[in-house]
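Here's work15.cif, which has mmCIF, C-alpha atoms:
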data_work
loop_
_atom_site.group_PDB
_atom_site.id
_atom_site.type_symbol
_atom_site.label_atom_id
_atom_site.label_comp_id
_atom_site.auth_asym_id
_atom_site.auth_seq_id
_atom_site.Cartn_x
_atom_site.Cartn_y
_atom_site.Cartn_z
ATOM 1 C CA MET A 1 34.547 8.313 2.818
ATOM 2 C CA ALA A 2 35.163 5.951 5.733
ATOM 3 C CA GLN A 3 35.225 7.774 9.044
ATOM 4 C CA LYS A 4 35.422 6.970 12.715
ATOM 5 C CA SER A 5 32.104 5.731 14.082
ATOM 6 C CA ASP A 6 30.141 8.197 16.177
ATOM 7 C CA HIS A 7 28.107 5.437 17.839
ATOM 8 C CA GLY A 8 29.137 2.478 19.944
ATOM 9 C CA CYS A 9 25.823 0.610 19.931
ATOM 10 C CA MET A 10 26.827 -1.948 17.303
ATOM 11 C CA SER A 11 30.085 -3.852 17.662
ATOM 12 C CA ALA A 12 32.354 -4.703 14.750
ATOM 13 C CA LEU A 13 31.420 -8.379 15.171
ATOM 14 C CA GLU A 14 27.724 -7.546 14.898
ATOM 15 C CA ALA A 15 28.435 -5.455 11.816
ATOM 16 C CA VAL A 16 30.151 -8.387 10.100
ATOM 17 C CA ASN A 17 27.212 -10.693 10.860
ATOM 18 C CA ILE A 18 24.566 -8.478 9.258
ATOM 19 C CA GLY A 19 23.735 -10.322 6.069
ATOM 20 C CA VAL A 20 20.683 -9.480 3.980
ATOM 21 C CA LEU A 21 18.014 -6.785 4.225
ATOM 22 C CA GLU A 22 14.702 -7.852 2.685
ATOM 23 C CA THR A 23 12.161 -5.749 0.795
ATOM 24 C CA PRO A 24 9.190 -6.907 -1.302
ATOM 25 C CA ARG A 25 11.224 -6.929 -4.535
ATOM 26 C CA LEU A 26 14.834 -6.703 -3.396
ATOM 27 C CA HIS A 27 17.641 -8.253 -1.409
ATOM 28 C CA LEU A 28 20.139 -5.767 -0.003
ATOM 29 C CA ARG A 29 23.228 -7.920 0.539
ATOM 30 C CA ARG A 30 26.970 -7.776 0.948
ATOM 31 C CA LEU A 31 28.989 -7.605 -2.256
ATOM 32 C CA ASP A 32 31.604 -10.153 -3.372
ATOM 33 C CA GLU A 33 33.899 -10.816 -6.334
ATOM 34 C CA ASN A 34 31.075 -12.406 -8.328
ATOM 35 C CA ASP A 35 29.548 -8.932 -8.590
ATOM 36 C CA ILE A 36 32.488 -7.429 -10.486
ATOM 37 C CA PRO A 37 31.015 -7.953 -14.001
ATOM 38 C CA ALA A 38 27.745 -6.250 -12.995
ATOM 39 C CA LEU A 39 29.631 -3.412 -11.298
ATOM 40 C CA LEU A 40 31.693 -2.850 -14.446
ATOM 41 C CA GLU A 41 28.610 -2.783 -16.652
ATOM 42 C CA LEU A 42 26.340 -0.655 -14.465
ATOM 43 C CA ALA A 43 28.702 1.684 -12.603
ATOM 44 C CA GLY A 44 30.758 2.015 -15.766
ATOM 45 C CA ALA A 45 27.989 3.957 -17.513
ATOM 46 C CA TRP A 46 28.684 7.687 -17.607
ATOM 47 C CA GLU A 47 24.983 8.375 -17.017
ATOM 48 C CA VAL A 48 25.423 6.763 -13.569
ATOM 49 C CA ALA A 49 28.884 8.059 -12.704
ATOM 50 C CA ARG A 50 28.201 11.698 -13.631
ATOM 51 C CA TYR A 51 25.829 12.192 -10.688
ATOM 52 C CA THR A 52 28.226 10.707 -8.120
ATOM 53 C CA ALA A 53 31.297 12.181 -6.474
ATOM 54 C CA LEU A 54 33.562 9.145 -6.330
ATOM 55 C CA ILE A 55 32.700 6.570 -9.035
ATOM 56 C CA PRO A 56 35.601 6.791 -11.520
ATOM 57 C CA HIS A 57 34.939 7.067 -15.239
ATOM 58 C CA PRO A 58 35.998 5.062 -17.135
ATOM 59 C CA TYR A 59 35.410 2.328 -14.556
ATOM 60 C CA ALA A 60 37.952 -0.502 -14.679
ATOM 61 C CA GLU A 61 38.158 -3.871 -12.921
ATOM 62 C CA ALA A 62 40.817 -2.440 -10.594
ATOM 63 C CA ASP A 63 38.301 0.216 -9.531
ATOM 64 C CA ALA A 64 35.698 -2.440 -8.744
ATOM 65 C CA ARG A 65 38.185 -4.464 -6.695
ATOM 66 C CA THR A 66 39.282 -1.379 -4.770
ATOM 67 C CA PHE A 67 35.632 -0.596 -4.051
ATOM 68 C CA LEU A 68 34.966 -4.140 -2.797
ATOM 69 C CA GLU A 69 38.071 -4.185 -0.598
ATOM 70 C CA GLY A 70 37.198 -0.818 0.911
ATOM 71 C CA ALA A 71 33.631 -1.921 1.595
ATOM 72 C CA MET A 72 34.861 -5.017 3.443
ATOM 73 C CA LEU A 73 37.406 -3.098 5.530
ATOM 74 C CA ASP A 74 34.850 -0.443 6.461
ATOM 75 C CA ARG A 75 32.279 -3.076 7.381
ATOM 76 C CA ASN A 76 34.738 -4.826 9.682
ATOM 77 C CA ALA A 77 35.592 -1.502 11.320
ATOM 78 C CA ASN A 78 31.888 -0.529 11.541
ATOM 79 C CA THR A 79 32.613 2.766 9.771
ATOM 80 C CA ARG A 80 30.598 2.209 6.588
ATOM 81 C CA HIS A 81 28.068 -0.366 5.414
ATOM 82 C CA VAL A 82 27.747 -1.045 1.693
ATOM 83 C CA PHE A 83 25.033 -3.296 0.270
ATOM 84 C CA GLY A 84 24.458 -4.519 -3.247
ATOM 85 C CA ILE A 85 20.878 -4.100 -4.474
ATOM 86 C CA GLU A 86 19.681 -7.389 -5.960
ATOM 87 C CA ARG A 87 16.276 -8.215 -7.421
ATOM 88 C CA ARG A 88 14.686 -11.054 -5.460
ATOM 89 C CA ILE A 89 13.125 -12.997 -8.323
ATOM 90 C CA GLU A 90 15.637 -12.346 -11.111
ATOM 91 C CA GLY A 91 18.698 -12.531 -8.816
ATOM 92 C CA ASP A 92 20.630 -9.804 -10.661
ATOM 93 C CA LEU A 93 22.601 -6.934 -9.132
ATOM 94 C CA ILE A 94 21.083 -3.573 -10.113
ATOM 95 C CA GLY A 95 22.959 -1.052 -7.940
ATOM 96 C CA CYS A 96 24.536 -0.266 -4.573
ATOM 97 C CA ILE A 97 23.543 1.614 -1.427
ATOM 98 C CA GLU A 98 25.505 2.594 1.672
ATOM 99 C CA VAL A 99 25.422 4.352 5.009
ATOM 100 C CA ASN A 100 28.482 5.978 6.557
ATOM 101 C CA MET A 101 28.763 5.890 10.338
ATOM 102 C CA GLY A 102 30.474 9.295 10.524
ATOM 103 C CA ASP A 103 29.053 12.804 10.202
ATOM 104 C CA GLY A 104 28.736 15.180 7.268
ATOM 105 C CA ASP A 105 26.703 15.771 4.136
ATOM 106 C CA ASP A 106 27.422 12.364 2.578
ATOM 107 C CA THR A 107 26.498 9.735 5.176
ATOM 108 C CA PHE A 108 23.882 8.138 2.895
ATOM 109 C CA GLY A 109 24.236 7.326 -0.794
ATOM 110 C CA TYR A 110 23.103 4.996 -3.548
ATOM 111 C CA TRP A 111 23.112 4.425 -7.290
ATOM 112 C CA ILE A 112 20.919 2.339 -9.602
ATOM 113 C CA GLY A 113 21.983 1.006 -13.011
ATOM 114 C CA MET A 114 20.370 2.742 -15.992
ATOM 115 C CA PRO A 115 18.270 -0.242 -17.192
ATOM 116 C CA PHE A 116 16.467 -0.181 -13.844
ATOM 117 C CA TRP A 117 15.652 3.527 -13.567
ATOM 118 C CA GLY A 118 12.051 4.625 -13.136
ATOM 119 C CA GLN A 119 10.812 1.344 -11.612
ATOM 120 C CA GLY A 120 10.778 2.307 -7.933
ATOM 121 C CA TYR A 121 13.814 0.222 -6.969
ATOM 122 C CA GLY A 122 15.731 3.219 -5.608
ATOM 123 C CA SER A 123 12.887 4.216 -3.299
ATOM 124 C CA GLU A 124 12.430 0.644 -2.065
ATOM 125 C CA ALA A 125 16.129 0.230 -1.334
ATOM 126 C CA ALA A 126 16.448 3.656 0.296
ATOM 127 C CA GLN A 127 13.576 3.006 2.685
ATOM 128 C CA ALA A 128 15.115 -0.312 3.761
ATOM 129 C CA MET A 129 18.527 1.301 4.238
ATOM 130 C CA VAL A 130 17.067 4.111 6.353
ATOM 131 C CA ARG A 131 15.487 1.455 8.586
ATOM 132 C CA PHE A 132 18.828 -0.327 8.853
ATOM 133 C CA ALA A 133 20.640 2.906 9.702
ATOM 134 C CA PHE A 134 18.272 3.968 12.474
ATOM 135 C CA GLN A 135 17.066 0.627 13.833
ATOM 136 C CA ARG A 136 20.157 -1.573 13.575
ATOM 137 C CA ALA A 137 23.149 0.720 13.130
ATOM 138 C CA SER A 138 21.882 3.236 15.732
ATOM 139 C CA LYS A 139 22.470 6.303 13.589
ATOM 140 C CA ARG A 140 20.961 9.486 15.027
ATOM 141 C CA ASP A 141 20.769 11.357 11.721
ATOM 142 C CA LEU A 142 21.459 10.899 8.027
ATOM 143 C CA ALA A 143 22.454 13.287 5.251
ATOM 144 C CA ALA A 144 22.582 12.753 1.496
ATOM 145 C CA ALA A 145 24.004 15.106 -1.126
ATOM 146 C CA VAL A 146 22.263 15.247 -4.510
ATOM 147 C CA HIS A 147 23.633 16.637 -7.747
ATOM 148 C CA PRO A 148 21.479 19.636 -8.784
ATOM 149 C CA ASP A 149 20.850 18.027 -12.194
ATOM 150 C CA ASN A 150 19.452 14.839 -10.626
ATOM 151 C CA PRO A 151 15.879 15.563 -9.457
ATOM 152 C CA ALA A 152 14.959 11.859 -9.634
ATOM 153 C CA SER A 153 17.392 11.103 -6.806
ATOM 154 C CA ALA A 154 15.910 13.908 -4.737
ATOM 155 C CA ARG A 155 12.451 12.355 -5.148
ATOM 156 C CA VAL A 156 13.783 8.988 -3.972
ATOM 157 C CA LEU A 157 15.159 10.578 -0.815
ATOM 158 C CA GLU A 158 11.926 12.447 -0.140
ATOM 159 C CA LYS A 159 9.950 9.203 -0.426
ATOM 160 C CA ALA A 160 12.360 7.697 2.126
ATOM 161 C CA GLY A 161 11.625 10.502 4.607
ATOM 162 C CA PHE A 162 14.450 12.952 3.888
ATOM 163 C CA VAL A 163 13.821 16.706 3.737
ATOM 164 C CA GLU A 164 15.932 19.265 1.902
ATOM 165 C CA SER A 165 18.082 21.240 4.335
ATOM 166 C CA HIS A 166 20.758 23.309 2.589
ATOM 167 C CA THR A 167 23.293 23.371 -0.235
ATOM 168 C CA SER A 168 26.952 22.444 0.006
ATOM 169 C CA ASN A 169 30.040 22.666 -2.208
ATOM 170 C CA ALA A 170 32.218 20.659 0.202
ATOM 171 C CA LEU A 171 31.883 17.351 -1.676
ATOM 172 C CA PRO A 172 34.905 15.382 -2.967
ATOM 173 C CA GLY A 173 35.878 14.230 -6.433
ATOM 174 C CA ARG A 174 34.167 15.527 -9.550
ATOM 175 C CA CYS A 175 31.475 17.173 -7.394
ATOM 176 C CA ALA A 176 33.953 19.438 -5.554
ATOM 177 C CA GLU A 177 32.747 22.478 -7.514
ATOM 178 C CA VAL A 178 29.083 21.490 -7.505
ATOM 179 C CA GLU A 179 26.611 23.227 -5.217
ATOM 180 C CA ALA A 180 24.838 20.042 -4.156
ATOM 181 C CA ARG A 181 21.404 19.845 -2.543
ATOM 182 C CA VAL A 182 21.653 18.257 0.918
ATOM 183 C CA PHE A 183 18.766 16.216 2.332
ATOM 184 C CA VAL A 184 18.632 15.194 5.985
ATOM 185 C CA GLN A 185 16.615 12.903 8.243
ATOM 186 C CA ARG A 186 16.610 12.445 12.026
ATOM 187 C CA SER A 187 15.994 9.162 13.820
ATOM 188 C CA GLN A 188 13.232 10.591 16.025
ATOM 189 C CA ASP A 189 11.292 11.783 12.967
ATOM 190 C CA TRP A 190 11.634 8.377 11.342
ATOM 191 C CA GLN A 191 10.489 6.647 14.535
ATOM 192 C CA ALA A 192 7.475 8.946 14.826
ATOM 193 C CA ARG A 193 6.359 7.968 11.328
ATOM 194 C CA GLU A 194 6.883 4.298 12.133
ATOM 195 C CA ASP A 195 4.764 4.599 15.280
ATOM 196 C CA ALA A 196 1.979 6.273 13.293
ATOM 197 C CA LYS A 197 1.700 3.467 10.713
ATOM 198 C CA SER A 198 -1.569 1.583 10.640
ATOM 199 C CA LYS A 199 -1.492 -2.003 11.905
ATOM 200 C CA LEU A 200 -2.758 -4.707 9.562
ATOM 201 C CA LEU A 201 -3.738 -8.090 11.013
ATOM 202 C CA VAL A 202 -3.701 -10.994 8.584
ATOM 203 C CA THR A 203 -3.744 -14.723 9.193
ATOM 204 C CA ALA A 204 -1.941 -17.541 7.367
ATOM 205 C CA VAL A 205 -1.582 -21.295 7.464
ATOM 206 C CA ALA A 206 0.983 -23.913 6.525
ATOM 207 C CA LEU A 207 -1.121 -26.706 5.018
ATOM 208 C CA ILE A 208 0.859 -29.953 5.336
ATOM 209 C CA ASP A 209 -0.081 -32.967 3.182
ATOM 210 C CA ALA A 210 0.454 -36.672 3.854
ATOM 211 C CA ASP A 211 3.930 -36.510 2.289
ATOM 212 C CA GLY A 212 5.011 -33.698 4.604
ATOM 213 C CA ARG A 213 4.897 -31.055 1.863
ATOM 214 C CA VAL A 214 3.735 -27.483 2.489
ATOM 215 C CA LEU A 215 1.353 -25.579 0.211
ATOM 216 C CA VAL A 216 2.451 -22.159 -1.048
ATOM 217 C CA ALA A 217 0.686 -19.804 -3.451
ATOM 218 C CA GLN A 218 2.248 -17.401 -5.942
ATOM 219 C CA ARG A 219 0.807 -13.900 -5.999
ATOM 220 C CA PRO A 220 -0.670 -13.240 -9.479
ATOM 221 C CA GLU A 221 0.146 -10.382 -11.816
ATOM 222 C CA GLY A 222 -1.595 -7.147 -10.930
ATOM 223 C CA LYS A 223 -1.247 -7.595 -7.174
ATOM 224 C CA SER A 224 1.421 -6.073 -4.983
ATOM 225 C CA MET A 225 4.498 -8.304 -4.701
ATOM 226 C CA ALA A 226 3.393 -10.233 -7.797
ATOM 227 C CA GLY A 227 5.460 -13.361 -8.428
ATOM 228 C CA LEU A 228 6.368 -13.953 -4.781
ATOM 229 C CA TRP A 229 5.293 -17.114 -2.953
ATOM 230 C CA GLU A 230 3.342 -17.001 0.318
ATOM 231 C CA PHE A 231 1.322 -19.106 2.739
ATOM 232 C CA PRO A 232 -2.452 -19.121 2.093
ATOM 233 C CA GLY A 233 -4.536 -16.759 4.212
ATOM 234 C CA GLY A 234 -5.735 -13.188 4.261
ATOM 235 C CA LYS A 235 -6.959 -10.161 6.155
ATOM 236 C CA VAL A 236 -8.764 -10.542 9.481
ATOM 237 C CA HIS A 237 -11.984 -8.503 9.507
ATOM 238 C CA ASP A 238 -12.966 -6.457 12.546
ATOM 239 C CA ASP A 239 -15.615 -8.969 13.648
ATOM 240 C CA GLU A 240 -13.363 -12.034 13.188
ATOM 241 C CA THR A 241 -10.782 -13.954 15.126
ATOM 242 C CA PRO A 242 -7.697 -15.110 13.159
ATOM 243 C CA GLU A 243 -9.082 -18.664 13.168
ATOM 244 C CA ILE A 244 -12.489 -17.659 11.771
ATOM 245 C CA ALA A 245 -10.815 -15.497 9.137
ATOM 246 C CA LEU A 246 -8.631 -18.428 8.114
ATOM 247 C CA VAL A 247 -11.646 -20.719 7.664
ATOM 248 C CA ARG A 248 -13.278 -18.102 5.421
ATOM 249 C CA GLU A 249 -10.128 -17.325 3.425
ATOM 250 C CA LEU A 250 -9.312 -20.972 2.673
ATOM 251 C CA GLN A 251 -12.866 -21.593 1.482
ATOM 252 C CA GLU A 252 -12.658 -18.558 -0.808
ATOM 253 C CA GLU A 253 -9.097 -19.088 -2.046
ATOM 254 C CA LEU A 254 -8.729 -22.870 -2.164
ATOM 255 C CA GLY A 255 -12.224 -24.356 -1.914
ATOM 256 C CA ILE A 256 -11.442 -26.372 1.211
ATOM 257 C CA ASP A 257 -13.132 -26.542 4.604
ATOM 258 C CA ILE A 258 -10.991 -26.556 7.746
ATOM 259 C CA THR A 259 -13.890 -26.000 10.171
ATOM 260 C CA GLU A 260 -13.419 -29.412 11.785
ATOM 261 C CA SER A 261 -9.646 -29.348 11.594
ATOM 262 C CA CYS A 262 -7.290 -28.857 14.468
ATOM 263 C CA LEU A 263 -5.510 -25.568 13.790
ATOM 264 C CA ALA A 264 -2.284 -25.446 15.741
ATOM 265 C CA PRO A 265 -0.853 -21.962 16.426
ATOM 266 C CA PHE A 266 2.780 -22.087 15.391
ATOM 267 C CA THR A 267 4.387 -18.631 15.347
ATOM 268 C CA PHE A 268 3.775 -15.107 14.054
ATOM 269 C CA ALA A 269 5.378 -12.432 11.900
ATOM 270 C CA SER A 270 5.681 -8.741 12.716
ATOM 271 C CA HIS A 271 7.018 -6.730 9.797
ATOM 272 C CA ALA A 272 7.067 -3.033 8.869
ATOM 273 C CA TYR A 273 6.226 -2.408 5.228
ATOM 274 C CA GLU A 274 6.353 1.048 3.637
ATOM 275 C CA ASN A 275 2.832 2.157 4.542
ATOM 276 C CA PHE A 276 1.695 -0.262 7.264
ATOM 277 C CA HIS A 277 2.893 -2.683 9.923
ATOM 278 C CA LEU A 278 1.894 -6.297 9.303
ATOM 279 C CA ILE A 279 1.066 -8.715 12.127
ATOM 280 C CA MET A 280 0.494 -12.281 10.927
ATOM 281 C CA PRO A 281 -0.085 -15.391 13.059
ATOM 282 C CA LEU A 282 0.823 -18.628 11.289
ATOM 283 C CA TYR A 283 -1.070 -21.863 11.970
ATOM 284 C CA LEU A 284 -0.345 -25.483 11.062
ATOM 285 C CA CYS A 285 -3.049 -27.663 9.530
ATOM 286 C CA ARG A 286 -2.796 -31.312 8.430
ATOM 287 C CA THR A 287 -6.442 -32.219 7.743
ATOM 288 C CA TRP A 288 -9.186 -30.529 5.715
ATOM 289 C CA GLN A 289 -12.270 -31.345 3.670
ATOM 290 C CA GLY A 290 -12.322 -30.975 -0.115
ATOM 291 C CA MET A 291 -9.735 -30.794 -2.889
ATOM 292 C CA VAL A 292 -7.295 -27.911 -2.957
ATOM 293 C CA GLU A 293 -7.762 -25.770 -6.064
ATOM 294 C CA ALA A 294 -6.707 -22.249 -7.086
ATOM 295 C CA ARG A 295 -9.814 -20.069 -7.110
ATOM 296 C CA GLU A 296 -8.284 -16.584 -7.287
ATOM 297 C CA GLY A 297 -5.824 -16.795 -10.172
ATOM 298 C CA GLN A 298 -2.898 -17.846 -8.005
ATOM 299 C CA THR A 299 -0.414 -20.602 -8.829
ATOM 300 C CA LEU A 300 -0.181 -23.345 -6.191
ATOM 301 C CA GLN A 301 2.771 -25.567 -5.355
ATOM 302 C CA TRP A 302 3.390 -28.290 -2.776
ATOM 303 C CA VAL A 303 6.963 -27.914 -1.523
ATOM 304 C CA LYS A 304 9.175 -30.008 0.715
ATOM 305 C CA PRO A 305 10.091 -27.980 3.835
ATOM 306 C CA GLN A 306 13.794 -28.117 2.927
ATOM 307 C CA ARG A 307 13.035 -26.304 -0.354
ATOM 308 C CA LEU A 308 10.910 -23.491 1.050
ATOM 309 C CA ASN A 309 13.888 -21.173 1.364
ATOM 310 C CA THR A 310 14.602 -21.474 -2.375
ATOM 311 C CA LEU A 311 11.406 -19.592 -3.258
ATOM 312 C CA PRO A 312 11.218 -15.785 -3.358
ATOM 313 C CA MET A 313 8.754 -14.766 -0.636
ATOM 314 C CA PRO A 314 7.481 -11.528 0.920
ATOM 315 C CA PRO A 315 9.800 -10.261 3.667
ATOM 316 C CA ALA A 316 7.263 -11.046 6.406
ATOM 317 C CA ASP A 317 7.170 -14.735 5.422
ATOM 318 C CA ILE A 318 10.918 -15.338 5.408
ATOM 319 C CA PRO A 319 11.423 -15.766 9.204
ATOM 320 C CA LEU A 320 8.443 -18.150 9.238
ATOM 321 C CA VAL A 321 10.135 -20.323 6.620
ATOM 322 C CA ALA A 322 13.245 -20.727 8.746
ATOM 323 C CA MET A 323 11.156 -21.861 11.715
ATOM 324 C CA LEU A 324 9.113 -24.298 9.609
ATOM 325 C CA MET A 325 12.271 -25.841 8.178
ATOM 326 C CA ASP A 326 13.566 -26.440 11.699
ATOM 327 C CA TYR A 327 10.260 -27.892 12.906
ATOM 328 C CA LEU A 328 9.029 -30.107 10.056
#
Take the structure in the file and give it back as structure tokens.
Amino acid sequence: MAQKSDHGCMSALEAVNIGVLETPRLHLRRLDENDIPALLELAGAWEVARYTALIPHPYAEADARTFLEGAMLDRNANTRHVFGIERRIEGDLIGCIEVNMGDGDDTFGYWIGMPFWGQGYGSEAAQAMVRFAFQRASKRDLAAAVHPDNPASARVLEKAGFVESHTSNALPGRCAEVEARVFVQRSQDWQAREDAKSKLLVTAVALIDADGRVLVAQRPEGKSMAGLWEFPGGKVHDDETPEIALVRELQEELGIDITESCLAPFTFASHAYENFHLIMPLYLCRTWQGMVEAREGQTLQWVKPQRLNTLPMPPADIPLVAMLMDYL
């Protein structure tokens, strides 16, 4: 499947240095030998292998090692980029996804282990991988071949922006005789959708106590990104500045008054989620009036700066954590 790259915008060195892609519920990361047991269990299921062209069945440890070695060689050559799909909170591998830097009907592919079907993980991973392909790997177009008996995979691709183009029986392996459905997507169409996304302005604060700890709140069940930890704050209304919105949000969420406090602008996040683009200034605050309490069902935790990166957080918050750890 590895082919000569058709783009020179990303060097082999840059390709090696690409580590983790973040989504609300997932890490897309490079695979290593520790993933072999999960690969054997998940890719070894016939229900997974039957819809793919190249996953052997039965699937042995030698097959997993060959897959890992090929993924590393292709990454170093910038011909193919394979990522393991890992759940952020649970930390378990649930599938794989890849983009091939060549041309053809199979430049984009993925699989999800059976226990994780029907939970939206495939769509979430596919959308992140499309962004990687167009924004960081400089692909001009993508194509994915789908087994005709796998409509669920076709829906995942459609949610990620692909459109059905044609059928093909030029696939390798067990799918050589299959008339596969081919879905395609062009970079300019993806970019047009990105440009049309609504912009959401929210504001957040790193509250720092006398011991140098930072307050984080865990999103409760029933909310999007439930279970992830974030900095307190919220949406900026049309008639508000970020500072005024922060005063209101902290009163509502935590029961504290920062009206007389010195809010220090620190940095900001700019992150594209599936349906909107988030812009979030982050402030620092060391003094406030009142006792911090959870008023909206969230769990609160005071954390040493050096431990912030051990908590699962929304993708937009992660770059802020790195900067806080360097500063505090």
Practice problem: Pick out the residues sitting within 6 Å of range 54-64 of chain A, and hand them over as a list of chain:residue names; count only C-alpha atoms, and ignore anything fewer than 2 positions along from it in its own chain. | Solution: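 Counting only C-alpha atoms, the residues come to A:Gly44, A:Ala49, A:Thr52, A:Thr66, A:Phe67, A:Gly173.
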Quiz item: So, counting only C-alpha atoms, which residue among A:Val182, A:Pro172, A:Asn78, A:Val163 is closest to Lys139 in chain A?
Solution: A:Asn78
Exercise. Using all atoms listed in the file, determine which residues lie at most 7 Å from range 82-88 of chain A, disregarding the query and same-chain residues fewer than 2 positions distant; provide the list as a VMD selection string.
Key: chain A and resid 25 to 31 71 80 90 to 99 312
Self-check item: Residues matched by the PyMOL selection byres ((chain A and resi 123) around 10) as a ChimeraX atom specification
Solution: /A:118-122,124-129,153,155-160
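Between CA of Leu254 in chain A and CA of His271 in chain A lies a distance of 25.5 Å.
CA of Ser270 in chain A sits 28.0 Å away from CA of Val292 in chain A.
For Gly290 in chain A, the residues within 12 Å (counting only C-alpha atoms, excluding itself and residues fewer than 6 positions away along the chain) are A:Leu250, A:Gln251, A:Leu254, A:Gly255, A:Ile256, A:Asp257, A:Ile258, A:Thr259.
Counting from CA of Ser198 in chain A, the distance to CA of Met323 in chain A is 26.7 Å.
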Practice problem: Within 12 Å of Met325 in chain A, counting all atoms listed in the file, which residues show up once you throw out same-chain ones fewer than 2 positions away? Write them as JSON, numbers by chain, please. | Solution: {"A": [206, 212, 213, 214, 303, 304, 305, 306, 307, 308, 309, 310, 318, 319, 320, 321, 322, 323, 327, 328]}
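Nearest-residue note for Tyr273 in chain A: choosing from A:Met225, A:Ala217, A:Asn34, A:Asn169, the minimum distance belongs to A:Met225, counting only C-alpha atoms.
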Exercise. Skip His166 in chain A itself and residues of its chain fewer than 4 positions away, then list as a ChimeraX atom specification all residues within 10 Å of it, counting all atoms listed in the file.
Key: /A:105,145,179-184
Would you output that residue set with C-alpha atoms, as a PDB file, keeping the file's coordinate frame?
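Dumped to part_13.pdb:
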ATOM      1  CA  ASP A 105      26.703  15.771   4.136  1.00  0.00           C
ATOM      2  CA  ALA A 145      24.004  15.106  -1.126  1.00  0.00           C
ATOM      3  CA  GLU A 179      26.611  23.227  -5.217  1.00  0.00           C
ATOM      4  CA  ALA A 180      24.838  20.042  -4.156  1.00  0.00           C
ATOM      5  CA  ARG A 181      21.404  19.845  -2.543  1.00  0.00           C
ATOM      6  CA  VAL A 182      21.653  18.257   0.918  1.00  0.00           C
ATOM      7  CA  PHE A 183      18.766  16.216   2.332  1.00  0.00           C
ATOM      8  CA  VAL A 184      18.632  15.194   5.985  1.00  0.00           C
TER       9      VAL A 184
END
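Proximity of A:His147, A:Ala152, A:Asp195, A:Asn275 to Arg174 in chain A, computed with only C-alpha atoms, is greatest for A:His147.
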Self-check item: Option closest in space to Val20 in chain A, from A:His81, A:Ala53, A:Glu164, A:Ala226 [counting all atoms listed in the file]
Solution: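 Ranked by minimum distance to Val20 in chain A, first place goes to A:His81.
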Quiz prompt | Residue among A:Leu21, A:Ala264, A:Met114, A:Met101 lying closest to Glu47 in chain A, counting only C-alpha atoms | solution =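 Among the listed residues, the smallest separation from Glu47 in chain A belongs to A:Met114.
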Return as lines of an AutoDock Vina configuration file the box centre and box size in Å, one decimal, for an axis-aligned box around all listed atoms of range 210-217 of chain A padded by 8 Å per side.
center_x = 2.7
center_y = -28.2
center_z = 0.6
size_x = 20.6
size_y = 32.9
size_z = 24.1
